[in-house]
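Below: the structure, in structure tokens.
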Amino acid sequence: EGFPVGVIANNGVLFSEACLKAAHFIELCDQRGHPILFLQNTTGFMVGREAELGGIAKHSAKLVYAMSNTRVPRLTVVTGGSYGAGNYGMSGRGFRPHFMFMWPNARLGGMAPDVGAGVLMDLRRASISRNPATEEELAAHEAKVRAMFAEKSDPYFCTARLFDDGIIDPRDTRR
């Protein structure tokens, strides 16, 4: 109906330049009273020496700050993966967008399931000297960890948690 809406989309890692541009765009939408639609498929913010020298910490903080302080409605659609702090910068569920929708194949979490399971298994293998385990026990533990990550990053699980956390409240007048 001719109502202006700001759209911020990404596909992959968030770089410094993109964070700064998105932060300025969010501030502009807020000043003009335009709601913002976030389309996210993010693996998180860029990491590494070059990214740090390029100001990723400063620019990603500006993005999260701008997004968390905007007063206009924020609508979030997760089209792929949404992991790490990039989820917050793109108006993830931790910042309670006014509406959040996940594609059926989308995933959400602090880490991608394969990455998270790999990290936990590395920690488990490092602790073997204190708690010896057979290869079969390690394989069973890895299967359990991978299943946990798969369950908790599932879009239906994440959507159901919106109700449990009180994020969706029919008495909420801001919606």
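FYI, nothing fancy with the structure tokens labels: chains A, B, ... in order, residues from 1 per chain, ligands from 1 as they appear.
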- [ ] Can you pull out every residue within 9 Å of region 121-128 of chain A, counting only C-alpha atoms, but drop anything in the same chain fewer than 5 positions away, and send it as a ChimeraX atom specification?
- [x] /A:116,133,138,141-142,145
Open item on the list: I need the alpha helix (DSSP H) residues of region 31-134 of chain A per DSSP on the backbone, written as a ChimeraX atom specification.
Closed with: /A:31-32,49-53,56-69,84-89,113-126
Open item on the list: So, with only C-alpha atoms as the atoms that count, which of A:Phe95, A:Phe149, A:Phe38, A:Phe45 lies closest to Ala18 (chain A)?
Closed with: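 The answer is A:Phe45, which sits nearest to Ala18 (chain A).
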- [ ] Per DSSP on the backbone, filter chain A down to the residues in strand (DSSP E) and report them as a PyMOL selection string.
- [x] chain A and resi 6-9+13-14+36-42+44-45+74-83+99-102+107-109
Just to be explicit: take each residue in the selection above, keep N, CA, C and O atoms, and write the result as a short mmCIF file (atom, residue, chain, number, x, y, z; two decimals), in the first residue's frame.
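And here is the file that came out, out_9.cif:
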```
data_model
loop_
_atom_site.label_atom_id
_atom_site.label_comp_id
_atom_site.auth_asym_id
_atom_site.auth_seq_id
_atom_site.Cartn_x
_atom_site.Cartn_y
_atom_site.Cartn_z
N GLY A 6 12.35 -0.37 5.34
CA GLY A 6 13.77 -0.61 5.11
C GLY A 6 14.03 -2.11 5.07
O GLY A 6 13.44 -2.86 5.85
N VAL A 7 14.88 -2.56 4.17
CA VAL A 7 15.22 -3.98 4.06
C VAL A 7 16.73 -4.14 4.21
O VAL A 7 17.49 -3.49 3.51
N ILE A 8 17.13 -5.01 5.13
CA ILE A 8 18.55 -5.33 5.33
C ILE A 8 18.68 -6.84 5.16
O ILE A 8 18.03 -7.60 5.87
N ALA A 9 19.49 -7.25 4.21
CA ALA A 9 19.66 -8.67 3.94
C ALA A 9 21.14 -9.02 3.87
O ALA A 9 21.97 -8.17 3.53
N VAL A 13 28.93 -14.34 5.82
CA VAL A 13 29.62 -13.64 6.90
C VAL A 13 29.40 -12.13 6.81
O VAL A 13 29.22 -11.58 5.73
N LEU A 14 29.38 -11.47 7.97
CA LEU A 14 29.23 -10.02 8.03
C LEU A 14 30.61 -9.37 8.15
O LEU A 14 31.34 -9.63 9.10
N ILE A 36 11.77 -1.98 9.75
CA ILE A 36 12.90 -2.64 9.09
C ILE A 36 12.63 -4.13 8.99
O ILE A 36 12.29 -4.78 9.98
N LEU A 37 12.83 -4.66 7.79
CA LEU A 37 12.75 -6.09 7.53
C LEU A 37 14.17 -6.63 7.41
O LEU A 37 14.94 -6.17 6.57
N PHE A 38 14.52 -7.59 8.27
CA PHE A 38 15.83 -8.22 8.24
C PHE A 38 15.69 -9.59 7.60
O PHE A 38 14.90 -10.41 8.05
N LEU A 39 16.43 -9.83 6.52
CA LEU A 39 16.49 -11.14 5.88
C LEU A 39 17.88 -11.69 6.17
O LEU A 39 18.87 -11.16 5.66
N GLN A 40 17.95 -12.72 6.98
CA GLN A 40 19.27 -13.15 7.41
C GLN A 40 19.61 -14.60 7.08
O GLN A 40 18.78 -15.49 7.19
N ASN A 41 20.83 -14.75 6.63
CA ASN A 41 21.48 -16.04 6.42
C ASN A 41 22.93 -15.78 6.77
O ASN A 41 23.74 -15.50 5.89
N THR A 42 23.25 -15.80 8.05
CA THR A 42 24.57 -15.35 8.49
C THR A 42 25.33 -16.41 9.28
O THR A 42 24.73 -17.11 10.10
N GLY A 44 27.87 -15.30 11.01
CA GLY A 44 28.41 -14.47 12.08
C GLY A 44 29.30 -13.37 11.52
O GLY A 44 29.34 -13.12 10.32
N PHE A 45 30.01 -12.69 12.40
CA PHE A 45 30.92 -11.63 12.01
C PHE A 45 32.25 -12.24 11.57
O PHE A 45 32.68 -13.28 12.07
N ARG A 74 10.71 -4.11 14.03
CA ARG A 74 11.69 -4.93 13.33
C ARG A 74 11.08 -6.29 13.04
O ARG A 74 10.52 -6.93 13.93
N LEU A 75 11.16 -6.69 11.80
CA LEU A 75 10.65 -7.99 11.37
C LEU A 75 11.84 -8.80 10.87
O LEU A 75 12.63 -8.29 10.08
N THR A 76 11.98 -10.03 11.32
CA THR A 76 13.13 -10.84 10.97
C THR A 76 12.70 -12.12 10.30
O THR A 76 11.81 -12.82 10.81
N VAL A 77 13.32 -12.42 9.16
CA VAL A 77 13.09 -13.68 8.46
C VAL A 77 14.44 -14.38 8.31
O VAL A 77 15.37 -13.81 7.72
N VAL A 78 14.55 -15.57 8.88
CA VAL A 78 15.78 -16.36 8.76
C VAL A 78 15.59 -17.30 7.59
O VAL A 78 14.71 -18.16 7.61
N THR A 79 16.40 -17.11 6.56
CA THR A 79 16.24 -17.90 5.34
C THR A 79 17.22 -19.07 5.25
O THR A 79 17.04 -19.96 4.43
N GLY A 80 18.26 -19.05 6.06
CA GLY A 80 19.26 -20.12 6.05
C GLY A 80 19.76 -20.36 7.46
O GLY A 80 18.99 -20.71 8.33
N GLY A 81 21.02 -20.11 7.70
CA GLY A 81 21.58 -20.24 9.03
C GLY A 81 21.66 -18.88 9.71
O GLY A 81 21.78 -17.85 9.05
N SER A 82 21.60 -18.88 11.02
CA SER A 82 21.76 -17.65 11.78
C SER A 82 22.53 -18.00 13.04
O SER A 82 21.99 -18.54 13.99
N TYR A 83 23.84 -17.71 12.99
CA TYR A 83 24.73 -18.17 14.04
C TYR A 83 25.54 -17.05 14.65
O TYR A 83 25.83 -16.05 14.01
N PHE A 99 8.38 -9.45 14.96
CA PHE A 99 7.94 -10.68 14.29
C PHE A 99 9.18 -11.42 13.82
O PHE A 99 10.11 -10.80 13.30
N MET A 100 9.18 -12.73 14.01
CA MET A 100 10.31 -13.53 13.53
C MET A 100 9.76 -14.78 12.87
O MET A 100 8.91 -15.47 13.43
N PHE A 101 10.27 -15.04 11.68
CA PHE A 101 9.85 -16.21 10.92
C PHE A 101 11.09 -16.95 10.45
O PHE A 101 12.08 -16.32 10.07
N MET A 102 11.05 -18.27 10.49
CA MET A 102 12.17 -19.07 10.00
C MET A 102 11.67 -20.00 8.90
O MET A 102 10.65 -20.65 9.06
N ARG A 107 18.25 -22.64 10.26
CA ARG A 107 18.81 -23.08 11.53
C ARG A 107 19.28 -21.86 12.31
O ARG A 107 19.71 -20.88 11.74
N LEU A 108 19.20 -21.95 13.65
CA LEU A 108 19.57 -20.84 14.51
C LEU A 108 20.33 -21.36 15.71
O LEU A 108 19.96 -22.38 16.27
N GLY A 109 21.42 -20.68 16.08
CA GLY A 109 22.16 -21.11 17.26
C GLY A 109 23.39 -20.27 17.50
O GLY A 109 23.77 -19.43 16.68
#
```
TODO: Would you work out the distance separating CA of Tyr65 (chain A) from CA of Ala112 (chain A), expressed in Å to one decimal?
DONE: 24.0 Å
